[in-house]
file data30.txt (compact mmCIF, C-alpha atoms and all ligand atoms)
# COMPACT_ATOMS: atom_id res chain seq x y z
CA MET A 4 19.57 -1.99 -23.12
CA LYS A 5 16.62 -4.23 -22.34
CA GLN A 6 16.37 -7.90 -21.38
CA ILE A 7 13.04 -9.68 -21.08
CA LEU A 8 12.77 -12.95 -19.15
CA HIS A 9 9.66 -15.09 -18.94
CA VAL A 10 8.29 -17.02 -15.96
CA ASP A 11 6.18 -19.96 -17.17
CA ILE A 12 4.13 -20.45 -14.04
CA LYS A 13 1.45 -17.75 -14.18
CA ASN A 14 3.02 -16.59 -17.41
CA TYR A 15 4.67 -13.27 -16.58
CA ASP A 16 7.56 -11.22 -17.89
CA ILE A 17 10.48 -9.62 -16.11
CA THR A 18 12.00 -6.62 -17.88
CA ILE A 19 15.53 -5.55 -16.93
CA SER A 20 16.66 -2.25 -18.42
CA ASP A 21 18.70 0.90 -18.00
CA ASP A 22 16.04 3.04 -19.73
CA ASN A 23 15.55 6.63 -18.68
CA PHE A 24 12.78 6.97 -16.10
CA TYR A 25 10.40 8.61 -18.57
CA SER A 26 10.35 5.56 -20.88
CA PHE A 27 10.41 3.24 -17.91
CA ILE A 28 7.30 4.65 -16.23
CA LYS A 29 5.59 4.96 -19.62
CA ASP A 30 6.03 1.21 -20.14
CA ILE A 31 4.41 0.57 -16.75
CA MET A 32 1.55 3.00 -17.46
CA ASP A 33 0.95 1.44 -20.88
CA TYR A 34 0.97 -2.02 -19.35
CA THR A 35 -1.69 -1.02 -16.78
CA ASN A 36 -3.59 1.21 -19.18
CA ASN A 37 -7.12 0.16 -18.32
CA GLN A 38 -6.61 -0.40 -14.62
CA LYS A 39 -6.90 1.76 -11.51
CA ARG A 40 -3.45 1.85 -9.96
CA LEU A 41 -2.30 2.03 -6.36
CA PHE A 42 1.45 2.66 -6.12
CA VAL A 43 2.91 1.50 -2.81
CA VAL A 44 6.19 3.39 -2.64
CA SER A 45 9.03 3.36 -0.12
CA SER A 46 9.44 6.79 1.46
CA LYS A 47 13.07 6.98 0.39
CA VAL A 48 12.21 6.15 -3.21
CA TYR A 49 9.35 8.64 -3.11
CA LYS A 50 11.72 11.43 -2.02
CA LEU A 51 14.28 10.58 -4.67
CA TYR A 52 12.15 9.60 -7.65
CA SER A 53 8.54 10.83 -7.38
CA LYS A 54 9.20 13.66 -9.85
CA ALA A 55 11.22 11.55 -12.31
CA LEU A 56 8.45 8.93 -12.26
CA PHE A 57 5.62 11.49 -12.53
CA LEU A 58 3.89 9.84 -9.57
CA ASN A 59 0.44 11.22 -8.92
CA ASN A 60 -0.22 11.77 -5.19
CA SER A 61 -3.80 10.57 -5.49
CA GLU A 62 -2.56 7.12 -6.56
CA ILE A 63 0.11 6.63 -3.87
CA PHE A 64 0.54 4.95 -0.52
CA ILE A 65 3.92 5.84 1.02
CA LEU A 66 5.48 3.20 3.23
CA LYS A 67 8.16 4.27 5.71
CA ASP A 68 11.44 2.40 5.41
CA GLY A 69 12.38 -0.54 7.59
CA GLU A 70 11.41 -4.15 8.19
CA LYS A 71 9.12 -3.16 11.07
CA GLU A 72 6.84 -1.35 8.58
CA LYS A 73 5.90 -4.72 7.05
CA ASN A 74 3.12 -5.03 9.63
CA TYR A 75 -0.62 -5.67 9.68
CA LYS A 76 -1.45 -2.00 10.35
CA ASN A 77 0.14 -0.88 7.09
CA TYR A 78 -1.32 -3.92 5.33
CA LEU A 79 -4.82 -2.86 6.47
CA LYS A 80 -4.16 0.74 5.41
CA ILE A 81 -3.37 -0.43 1.87
CA ILE A 82 -6.50 -2.57 1.78
CA GLU A 83 -8.65 0.29 3.14
CA LEU A 84 -7.24 2.76 0.63
CA ALA A 85 -7.98 0.43 -2.26
CA SER A 86 -11.47 -0.17 -0.95
CA GLN A 87 -12.18 3.57 -0.44
CA ARG A 88 -11.05 4.23 -3.99
CA GLY A 89 -13.36 1.57 -5.35
CA PHE A 90 -10.71 -0.87 -6.55
CA THR A 91 -12.16 -4.03 -8.05
CA ARG A 92 -10.49 -7.31 -8.96
CA LYS A 93 -9.63 -5.78 -12.34
CA ASP A 94 -7.28 -3.17 -10.83
CA VAL A 95 -3.62 -3.27 -9.85
CA PHE A 96 -1.19 -2.56 -7.01
CA ILE A 97 2.34 -1.49 -7.99
CA ALA A 98 5.17 -1.92 -5.47
CA ILE A 99 8.09 0.48 -5.92
CA GLY A 100 10.85 -0.13 -3.40
CA GLY A 101 12.87 -2.90 -1.79
CA GLY A 102 11.82 -6.24 -0.36
CA VAL A 103 9.65 -4.77 2.42
CA VAL A 104 7.46 -2.85 -0.05
CA GLY A 105 7.30 -5.80 -2.46
CA ASP A 106 6.34 -8.29 0.26
CA ILE A 107 3.56 -6.23 1.86
CA THR A 108 2.14 -5.08 -1.49
CA GLY A 109 2.14 -8.65 -2.80
CA PHE A 110 0.38 -9.87 0.34
CA ALA A 111 -2.21 -7.08 0.14
CA ALA A 112 -2.78 -7.91 -3.55
CA SER A 113 -3.14 -11.62 -2.83
CA THR A 114 -5.90 -10.99 -0.28
CA TYR A 115 -7.74 -7.93 -1.62
CA MET A 116 -11.02 -9.31 -3.01
CA ARG A 117 -9.29 -12.73 -3.00
CA GLY A 118 -6.57 -11.51 -5.30
CA ILE A 119 -5.88 -8.67 -7.70
CA ASP A 120 -2.91 -7.97 -9.97
CA TYR A 121 0.32 -6.56 -8.61
CA ILE A 122 3.50 -5.43 -10.28
CA GLN A 123 6.95 -5.46 -8.71
CA VAL A 124 9.30 -2.55 -9.35
CA PRO A 125 12.33 -3.44 -7.21
CA THR A 126 14.66 -0.54 -6.46
CA THR A 127 17.38 -2.34 -4.48
CA LEU A 128 19.86 -4.87 -5.82
CA LEU A 129 18.67 -7.44 -3.28
CA SER A 130 15.02 -7.18 -4.28
CA ALA A 131 15.91 -7.08 -7.99
CA VAL A 132 17.77 -10.41 -7.85
CA ASP A 133 15.59 -12.19 -5.35
CA SER A 134 12.42 -11.10 -3.59
CA SER A 135 10.67 -9.39 -6.52
CA VAL A 136 10.49 -12.65 -8.45
CA GLY A 137 8.91 -15.92 -7.36
CA GLY A 138 5.77 -14.76 -5.60
CA LYS A 139 6.70 -14.99 -1.92
CA THR A 140 4.61 -12.35 -0.17
CA ALA A 141 4.30 -11.71 3.56
CA ILE A 142 3.93 -9.43 6.55
CA ASN A 143 5.49 -9.80 10.00
CA MET A 144 3.88 -10.03 13.43
CA ASP A 145 5.85 -8.83 16.48
CA TYR A 146 6.72 -12.39 17.42
CA ALA A 147 7.61 -13.79 14.00
CA LYS A 148 8.90 -12.63 10.65
CA ASN A 149 6.87 -13.45 7.51
CA ILE A 150 4.33 -15.40 9.59
CA LEU A 151 1.37 -14.20 7.47
CA GLY A 152 1.95 -14.71 3.80
CA SER A 153 1.14 -16.39 0.53
CA PHE A 154 2.66 -17.60 -2.69
CA TYR A 155 1.19 -15.15 -5.19
CA GLN A 156 2.99 -14.35 -8.41
CA PRO A 157 3.18 -10.77 -9.73
CA LYS A 158 1.63 -9.87 -13.06
CA ALA A 159 4.96 -8.40 -14.21
CA VAL A 160 8.31 -7.26 -12.84
CA PHE A 161 9.99 -4.08 -14.12
CA ILE A 162 13.63 -3.64 -13.08
CA ASN A 163 15.60 -0.49 -13.86
CA ILE A 164 19.23 -0.45 -12.78
CA ASN A 165 19.26 3.36 -12.57
CA PHE A 166 17.52 3.03 -9.19
CA LEU A 167 20.65 1.28 -7.89
CA LYS A 168 22.76 4.42 -8.35
CA THR A 169 21.37 5.98 -5.17
CA LEU A 170 21.83 2.88 -2.98
CA ASP A 171 24.40 3.35 -0.27
CA LYS A 172 27.42 1.07 -0.43
CA ARG A 173 26.15 -1.13 2.38
CA GLN A 174 22.81 -1.78 0.67
CA PHE A 175 24.54 -2.42 -2.66
CA ARG A 176 26.88 -4.96 -1.03
CA SER A 177 23.91 -6.56 0.67
CA GLY A 178 22.55 -7.39 -2.79
CA LEU A 179 25.93 -8.77 -3.82
CA GLY A 180 25.75 -11.25 -0.93
CA GLU A 181 22.55 -12.73 -2.34
CA ILE A 182 24.04 -12.69 -5.85
CA ILE A 183 27.06 -14.73 -4.74
CA LYS A 184 24.63 -17.23 -3.21
CA TYR A 185 23.25 -17.82 -6.73
CA ALA A 186 26.80 -18.45 -7.98
CA PHE A 187 27.15 -21.27 -5.43
CA ILE A 188 23.90 -23.04 -6.43
CA GLU A 189 23.96 -22.70 -10.22
CA ASN A 190 24.42 -26.37 -11.08
CA SER A 191 21.58 -27.46 -8.78
CA CYS A 192 19.03 -25.13 -10.38
CA THR A 193 17.96 -27.77 -12.97
CA SER A 194 18.16 -25.20 -15.70
CA ASP A 195 18.84 -26.60 -19.16
CA PHE A 196 21.42 -23.87 -19.75
CA HIS A 197 24.51 -22.60 -17.94
CA VAL A 198 25.01 -18.95 -17.20
CA PHE A 199 28.45 -19.39 -15.54
CA LEU A 200 27.59 -16.81 -12.89
CA PHE A 201 30.48 -17.85 -10.61
CA GLU A 202 33.01 -17.29 -13.40
CA TYR A 203 31.34 -14.08 -14.54
CA LEU A 204 31.39 -12.63 -11.02
CA ALA A 205 35.06 -13.54 -10.62
CA LEU A 206 35.84 -11.64 -13.84
CA CYS A 207 33.78 -8.52 -13.43
CA CYS A 208 34.18 -7.52 -9.77
CA ASP A 209 35.81 -4.17 -10.60
CA LYS A 210 33.15 -3.38 -13.19
CA VAL A 211 30.40 -4.12 -10.68
CA TYR A 212 31.88 -1.70 -8.16
CA GLU A 213 32.31 0.86 -10.97
CA PHE A 214 28.59 0.48 -11.68
CA ASP A 215 29.03 -0.78 -15.23
CA SER A 216 25.49 -1.06 -16.65
CA ILE A 217 26.18 -4.01 -18.95
CA SER A 218 27.70 -6.08 -16.14
CA LEU A 219 24.90 -5.23 -13.72
CA VAL A 220 22.12 -6.03 -16.18
CA ARG A 221 23.86 -9.31 -17.03
CA ILE A 222 24.31 -10.32 -13.38
CA ILE A 223 20.67 -9.59 -12.57
CA GLU A 224 19.64 -11.52 -15.69
CA TYR A 225 21.79 -14.54 -14.70
CA CYS A 226 20.50 -14.64 -11.12
CA LEU A 227 16.91 -14.36 -12.29
CA LYS A 228 17.34 -17.04 -14.97
CA LEU A 229 18.48 -19.37 -12.20
CA LYS A 230 15.68 -18.32 -9.89
CA ILE A 231 13.07 -18.71 -12.63
CA ALA A 232 14.27 -22.26 -13.37
CA VAL A 233 13.88 -23.12 -9.68
CA VAL A 234 10.50 -21.43 -9.22
CA ASN A 235 9.09 -22.96 -12.42
CA ALA A 236 10.03 -26.39 -11.07
CA ASP A 237 8.83 -25.84 -7.49
CA GLU A 238 6.72 -22.74 -6.90
CA LYS A 239 5.68 -23.58 -3.32
CA GLU A 240 9.08 -24.63 -1.93
CA VAL A 241 8.17 -28.27 -1.51
CA SER A 242 11.57 -29.49 -2.71
CA LEU A 243 13.94 -27.78 -5.16
CA ARG A 244 13.17 -24.18 -4.13
CA LYS A 245 14.74 -24.94 -0.73
CA ILE A 246 18.16 -24.59 -2.36
CA LEU A 247 17.56 -20.82 -2.49
CA ASN A 248 17.97 -20.96 1.29
CA LEU A 249 21.72 -21.57 1.05
CA GLY A 250 23.26 -19.41 3.79
CA HIS A 251 19.84 -18.54 5.22
CA THR A 252 19.60 -20.88 8.24
CA LEU A 253 22.43 -19.11 10.04
CA ALA A 254 21.49 -15.75 8.46
CA HIS A 255 18.00 -15.79 10.00
CA ALA A 256 19.43 -16.82 13.38
CA LEU A 257 21.92 -13.93 13.28
CA GLU A 258 19.22 -11.47 12.24
CA THR A 259 16.92 -12.70 15.02
CA ILE A 260 19.53 -12.76 17.79
CA THR A 261 20.47 -9.16 16.94
CA ASN A 262 16.80 -8.01 16.60
CA TYR A 263 17.31 -7.21 12.91
CA LYS A 264 19.40 -4.20 13.97
CA LYS A 265 23.01 -5.22 13.41
CA PHE A 266 23.13 -6.83 9.97
CA THR A 267 21.44 -6.20 6.65
CA HIS A 268 19.86 -9.36 5.21
CA GLY A 269 22.61 -9.68 2.60
CA GLU A 270 25.36 -9.32 5.21
CA ALA A 271 23.76 -12.06 7.31
CA VAL A 272 23.51 -14.25 4.18
CA VAL A 273 27.23 -13.73 3.50
CA TYR A 274 28.06 -14.96 7.04
CA GLY A 275 25.71 -17.86 6.42
CA LEU A 276 27.55 -18.68 3.16
CA TYR A 277 30.92 -18.72 4.95
CA PHE A 278 29.47 -20.99 7.62
CA ALA A 279 27.84 -23.32 5.08
CA LEU A 280 31.14 -23.64 3.18
CA LYS A 281 33.05 -24.40 6.37
CA LEU A 282 30.44 -26.94 7.48
CA ALA A 283 30.46 -28.60 4.05
CA TYR A 284 34.26 -28.82 4.03
CA GLU A 285 34.45 -30.19 7.57
CA LYS A 286 31.80 -32.79 6.74
CA GLU A 287 33.83 -33.68 3.62
CA LEU A 288 31.03 -32.73 1.23
CA ILE A 289 33.39 -30.51 -0.74
CA LYS A 290 37.12 -30.62 -1.49
CA TYR A 291 39.49 -27.97 -0.19
CA SER A 292 40.06 -26.67 -3.74
CA TYR A 293 36.38 -25.73 -4.13
CA TYR A 294 36.13 -24.41 -0.57
CA ARG A 295 39.06 -22.10 -1.36
CA MET A 296 37.62 -21.00 -4.73
CA ALA A 297 34.30 -20.11 -3.13
CA VAL A 298 35.90 -18.22 -0.22
CA ASP A 299 38.16 -16.41 -2.73
CA LEU A 300 35.09 -15.17 -4.60
CA LEU A 301 33.56 -13.82 -1.37
CA GLU A 302 36.86 -12.16 -0.46
CA LYS A 303 37.26 -10.67 -3.92
CA TYR A 304 34.01 -8.79 -3.29
CA GLY A 305 35.41 -7.55 0.04
CA PHE A 306 33.51 -9.89 2.35
CA ALA A 307 34.90 -11.63 5.44
CA SER A 308 33.57 -14.31 7.78
CA LEU A 309 32.05 -13.62 11.21
CA ASN A 310 33.40 -14.92 14.50
CA LEU A 311 30.37 -16.71 15.94
CA ASN A 312 31.98 -16.99 19.40
CA LYS A 313 30.60 -13.52 20.14
CA TYR A 314 27.07 -14.93 20.11
CA ASN A 315 25.35 -17.21 22.59
CA LYS A 316 25.67 -20.65 21.00
CA GLN A 317 22.61 -22.15 22.74
CA LYS A 318 20.45 -19.21 21.65
CA LEU A 319 21.64 -19.46 18.05
CA LEU A 320 20.88 -23.20 18.05
CA ALA A 321 17.46 -22.64 19.62
CA ILE A 322 16.56 -20.03 16.99
CA MET A 323 17.66 -22.35 14.18
CA GLN A 324 15.57 -25.11 15.74
CA ASN A 325 12.47 -22.86 15.62
CA ASP A 326 13.12 -21.74 12.03
CA LYS A 327 10.36 -22.30 9.46
CA LYS A 328 12.85 -24.56 7.67
CA ALA A 329 13.31 -26.90 10.69
CA GLN A 330 11.61 -30.30 10.53
CA HIS A 331 11.01 -33.02 13.14
CA ASP A 332 13.43 -31.51 15.68
CA LYS A 333 16.14 -31.32 13.04
CA ILE A 334 17.85 -28.16 11.85
CA ILE A 335 17.91 -28.00 8.06
CA PHE A 336 20.89 -26.61 6.19
CA ILE A 337 21.45 -26.30 2.47
CA LEU A 338 25.14 -27.10 2.01
CA PRO A 339 27.53 -27.16 -0.93
CA ASN A 340 28.26 -30.74 -2.00
CA GLY A 341 30.32 -30.08 -5.13
CA LYS A 342 31.27 -27.34 -7.52
CA LYS A 343 28.27 -24.98 -7.65
CA THR A 344 25.92 -27.70 -6.36
CA VAL A 345 24.12 -27.99 -3.04
CA GLN A 346 22.01 -30.45 -1.07
CA GLU A 347 19.79 -30.44 2.00
CA ILE A 348 21.35 -31.83 5.20
CA GLU A 349 19.67 -32.29 8.58
CA PHE A 350 21.45 -31.77 11.90
CA THR A 351 20.45 -32.33 15.48
CA GLN A 352 21.30 -29.43 17.81
CA THR A 353 24.05 -31.56 19.35
CA GLU A 354 25.63 -32.37 15.99
CA LEU A 355 25.57 -28.75 14.92
CA ALA A 356 26.91 -27.44 18.24
CA GLU A 357 30.30 -28.99 17.40
CA PHE A 358 30.69 -26.69 14.39
CA ILE A 359 29.72 -23.36 15.96
N1 LIG B 401 14.16 -15.81 -1.37
C1 LIG B 401 14.07 -17.19 -1.57
C2 LIG B 401 12.88 -17.59 -2.36
O1 LIG B 401 12.30 -16.78 -3.06
O2 LIG B 401 12.50 -18.73 -2.33
call {"tool": "encode", "arguments": {"input": "data30.txt", "output": "structure tokens"}}
result
Amino acid sequence: MKQILHVDIKNYDITISDDNFYSFIKDIMDYTNNQKRLFVVSSKVYKLYSKALFLNNSEIFILKDGEKEKNYKNYLKIIELASQRGFTRKDVFIAIGGGVVGDITGFAASTYMRGIDYIQVPTTLLSAVDSSVGGKTAINMDYAKNILGSFYQPKAVFININFLKTLDKRQFRSGLGEIIKYAFIENSCTSDFHVFLFEYLALCCDKVYEFDSISLVRIIEYCLKLKIAVVNADEKEVSLRKILNLGHTLAHALETITNYKKFTHGEAVVYGLYFALKLAYEKELIKYSYYRMAVDLLEKYGFASLNLNKYNKQKLLAIMQNDKKAQHDKIIFILPNGKKTVQEIEFTQTELAEFI
């Protein structure tokens, strides 16, 4: 099974398949036939898949797992390795791993000799449906996440759902959180087609948890079709792309207040989705019937809301105020305003405090 999607800006393809790893890596090798390759591979993926992917040690940089590895030291190591091996602008970096590997490799590619090709091979559900597509690249500094980065589109994205089989349940569910976000924004994505992701997710929950290949390929395809429509319209997040931040204002605050140790990104997004739905309902942006439908979908996938009383309200508000998304002292939320539609709403700290 193979689906190919096209991203108009920078003209690249995304392949989603359940091919065996031999054909999969052959496609990537054929695609980069005349280029020197540097594979940046997550250590976990290296342990599990280096043999199946016939990875050659002389072409590899292994990145340890964890958000803290997305730092300037590893970034410089990638650059130095490419330089020592005589990489020119004609060569290619290939990221194999989750969002951390994709982000740092993309950033290294965007700055090496002012930009060389890179290919995304996402191996987690979260990176397959979100971070591998759209060209957001970055590294963290100790004091701020994603503070050094660029918009730099990959040359191609190769997704193989067989990688998802070795994800632990928590990581898999983390991806589902981001997928449900797409279901809540579908009608705002300005796509000239409907994929009915919300309805599809409601129907195929059991199949997803049974790892049914057809359902998984279709869900990834639907999310990416929506993301592509958004990114084609607004690559640099000047306007429309902000809708992809549904659930993320609170999510980033929760991740920050817990030092990125308590929640996976997808879990934090799920809590952010619950909060956004509640806020939208209390502000009368959505009717109770839609609020209920949306919460039912989250519950169907086994998610529950988070009691925010456990966290210091003033700290949460202060973090949201300092978020990259904040503007002119206002905290910016993307909130549902109808069935599968969203809009941007600004709050002062005082206004928002009432709802936490
Ligand atoms: N992850 C949100 C975006 O790519 O804009």
call {"tool": "atom_distance", "arguments": {"input": "data30.txt", "atom1": "atom CA of A:Tyr274", "atom2": "atom CA of A:Leu309"}}
result
5.9 Å
call {"tool": "closest_residue", "arguments": {"input": "data30.txt", "among": "A:Leu167, A:Val198, A:Leu243, A:Ile348", "to": "ligand LIG 401 (chain B)", "atoms": "all atoms listed in the file"}}
result
A:Leu243
call {"tool": "residues_near_ligand", "arguments": {"input": "data30.txt", "ligand": "ligand LIG 401 (chain B)", "cutoff": "8 Å", "atoms": "only C-alpha atoms and all ligand atoms", "output": "MDAnalysis selection string"}}
result
chainID A and resid 133:134 136:139 230 234 240 244:245 247:248
call {"tool": "write_last_selection", "arguments": {"input": "data30.txt", "atoms": "C-alpha atoms", "output": "PDB file, keeping the file's coordinate frame"}}
result
ATOM      1  CA  ASP A 133      15.590 -12.190  -5.350  1.00  0.00           C
ATOM      2  CA  SER A 134      12.420 -11.100  -3.590  1.00  0.00           C
ATOM      3  CA  VAL A 136      10.490 -12.650  -8.450  1.00  0.00           C
ATOM      4  CA  GLY A 137       8.910 -15.920  -7.360  1.00  0.00           C
ATOM      5  CA  GLY A 138       5.770 -14.760  -5.600  1.00  0.00           C
ATOM      6  CA  LYS A 139       6.700 -14.990  -1.920  1.00  0.00           C
ATOM      7  CA  LYS A 230      15.680 -18.320  -9.890  1.00  0.00           C
ATOM      8  CA  VAL A 234      10.500 -21.430  -9.220  1.00  0.00           C
ATOM      9  CA  GLU A 240       9.080 -24.630  -1.930  1.00  0.00           C
ATOM     10  CA  ARG A 244      13.170 -24.180  -4.130  1.00  0.00           C
ATOM     11  CA  LYS A 245      14.740 -24.940  -0.730  1.00  0.00           C
ATOM     12  CA  LEU A 247      17.560 -20.820  -2.490  1.00  0.00           C
ATOM     13  CA  ASN A 248      17.970 -20.960   1.290  1.00  0.00           C
TER      14      ASN A 248
END
call {"tool": "closest_residue", "arguments": {"input": "data30.txt", "among": "A:Phe64, A:Tyr277, A:Phe187, A:Phe161", "to": "A:Glu302", "atoms": "only C-alpha atoms"}}
result
A:Tyr277
call {"tool": "closest_residue", "arguments": {"input": "data30.txt", "among": "A:Ala159, A:Phe336, A:Val104, A:Gln174", "to": "A:Thr140", "atoms": "only C-alpha atoms"}}
result
A:Val104
call {"tool": "closest_residue", "arguments": {"input": "data30.txt", "among": "A:Thr126, A:Asn235, A:Gln6, A:Ser20", "to": "A:Leu51", "atoms": "all atoms listed in the file"}}
result
A:Thr126
call {"tool": "closest_residue", "arguments": {"input": "data30.txt", "among": "A:Thr261, A:Ser308, A:Thr351, A:Ser45", "to": "A:Gly275", "atoms": "all atoms listed in the file"}}
result
A:Ser308
call {"tool": "residues_near_point", "arguments": {"input": "data30.txt", "point": "(33.4, -13.8, -3.4)", "cutoff": "12 Å", "atoms": "only C-alpha atoms", "output": "ChimeraX atom specification"}}
result
/A:176,179-187,200-208,273-274,276-277,294-308
call {"tool": "residues_around", "arguments": {"input": "data30.txt", "residues": "A:Lys158", "least_positions_apart": "4", "cutoff": "10 Å", "atoms": "only C-alpha atoms", "output": "VMD selection string"}}
result
chain A and resid 13 to 17 95 to 97 119 to 123 138
call {"tool": "residues_around", "arguments": {"input": "data30.txt", "residues": "A:Pro125", "least_positions_apart": "4", "cutoff": "8 Å", "atoms": "only C-alpha atoms", "output": "VMD selection string"}}
result
chain A and resid 98 to 102 105 130 to 131 135 160 to 163
